[in-house]
Amino acid sequence: MPTQVPFPGVAFFHKGQRSPVITAMGKRLVAEGCGKYRTGPGPEWTDVDQQSFAAWQRKLRFEGADADGIPGRVSWDELHVPAATTPGGRVASPVPGRGVTTPHNKKGPQWILGRHTGADYAAPKGAECVAVLSGSIARSGRDGSFGEFLVLRAGGFDFYYCHLSRKTVEGGSVRAGQKMGEVGSTGHASGPHLHFEKRPAHGGFGSDVPPKW
Ligand SMILES: [Zn+2]
């Protein structure tokens, strides 16, 4: 059973919003007999999406403002919109638009193991950090080196997102591309960047592998 897309929030559903999540939602509405589409469904949020979702809310016996076609948490969760799967759900960078600035395994005395255990993505404080794959938040913590960090577990691996200035997820499942936090320099960091590290699931410090996904 594929993971389900978590409720993206009421503000997500506005004219001009484009997302594969909206296509996936539309397909589920059609499957439930609530689709009002002449063509599609497609990735852009339209009045027809709203009319279709309103039909779904009425099917759930919601009334009045609760059946206005704007998804709420309950009606969204009941629809079970499947999350995009890889490779379709794969995103290009954990910090969209940014590339690696210090590679994995680079040697140097500044690192405890004499080598860099992850890949760094330098970016301004506040730049968004996203899930590279769909998975779940296995851990949220803080320590002296990694600062504020999150661990995304996906495909049998743990992906560490470190030095965050802010976390925007607490736990639970996340979909590929979903924002999880923001770049910062908490812990041991000379400037704002994401330290992105990959280990086998449950792997300790030093079990890192090349951070590809
Ligand atoms: Zn690093």
# chains A, B, ... in the order shown; residues from 1 in each chain; ligands from 1

call {"tool": "residues_around", "arguments": {"residues": "His202 in chain A", "least_positions_apart": "3", "cutoff": "12 Å", "atoms": "only C-alpha atoms", "output": "PDB file with C-alpha atoms, in the first residue's frame"}}
result
ATOM      1  CA  ALA A 138      12.649   8.580  12.127  1.00  0.00           C
ATOM      2  CA  ARG A 139      14.199  11.100  14.513  1.00  0.00           C
ATOM      3  CA  VAL A 151      16.392  11.970  10.099  1.00  0.00           C
ATOM      4  CA  LEU A 152      14.365  10.939   7.057  1.00  0.00           C
ATOM      5  CA  ARG A 153      14.020   7.169   6.744  1.00  0.00           C
ATOM      6  CA  ALA A 154      13.331   5.962   3.213  1.00  0.00           C
ATOM      7  CA  GLY A 156      16.130   1.218   4.079  1.00  0.00           C
ATOM      8  CA  PHE A 157      18.353   4.248   4.680  1.00  0.00           C
ATOM      9  CA  ASP A 158      18.511   7.171   7.062  1.00  0.00           C
ATOM     10  CA  PHE A 159      19.100  10.616   5.595  1.00  0.00           C
ATOM     11  CA  TYR A 160      20.406  13.158   8.116  1.00  0.00           C
ATOM     12  CA  LYS A 198      23.181   8.924   4.413  1.00  0.00           C
ATOM     13  CA  ARG A 199      23.497   5.795   6.562  1.00  0.00           C
ATOM     14  CA  PHE A 205      28.076   7.642  13.254  1.00  0.00           C
ATOM     15  CA  GLY A 206      30.723   6.448  10.789  1.00  0.00           C
ATOM     16  CA  SER A 207      28.419   4.025   8.934  1.00  0.00           C
ATOM     17  CA  ASP A 208      27.760   6.650   6.273  1.00  0.00           C
TER      18      ASP A 208
END

call {"tool": "residues_near_ligand", "arguments": {"ligand": "ligand 1", "cutoff": "6 Å", "atoms": "only C-alpha atoms and all ligand atoms", "output": "PyMOL selection string"}}
result
chain A and resi 118-120+195

call {"tool": "write_last_selection", "arguments": {"atoms": "C-alpha atoms", "output": "CSV table (one decimal), in the first residue's frame"}}
result
chain,number,residue,atom,x,y,z
A,118,GLY,CA,28.1,13.7,4.5
A,119,ALA,CA,27.8,16.2,1.7
A,120,ASP,CA,27.4,19.9,2.4
A,195,HIS,CA,25.0,18.8,6.1

call {"tool": "residues_around", "arguments": {"residues": "range 14-26 of chain A", "least_positions_apart": "2", "cutoff": "6 Å", "atoms": "only C-alpha atoms", "output": "list in words"}}
result
Arg28, Leu29, Pro41, Gly42, Pro43, Glu44, Trp45 and Val81 of chain A

call {"tool": "select_by_dssp", "arguments": {"residues": "range 34-156 of chain A", "states": "strand (DSSP E or B)", "output": "JSON, numbers by chain"}}
result
{"A": [44, 82, 102, 107, 115, 119, 120, 121, 122, 128, 129, 130, 135, 136, 137, 138, 139, 140, 141, 142, 143, 147, 148, 149, 150, 151, 152, 153, 154]}

call {"tool": "closest_residue", "arguments": {"among": "A:Val30, A:Leu150, A:Ala92, A:Leu60", "to": "Glu78 in chain A", "atoms": "only C-alpha atoms"}}
result
A:Leu60

call {"tool": "closest_residue", "arguments": {"among": "A:Arg115, A:His188, A:His163, A:Lys106", "to": "Gly144 in chain A", "atoms": "only C-alpha atoms"}}
result
A:His188

call {"tool": "residues_around", "arguments": {"residues": "Val91 in chain A", "least_positions_apart": "4", "cutoff": "8 Å", "atoms": "only C-alpha atoms", "output": "count of residues only"}}
result
5
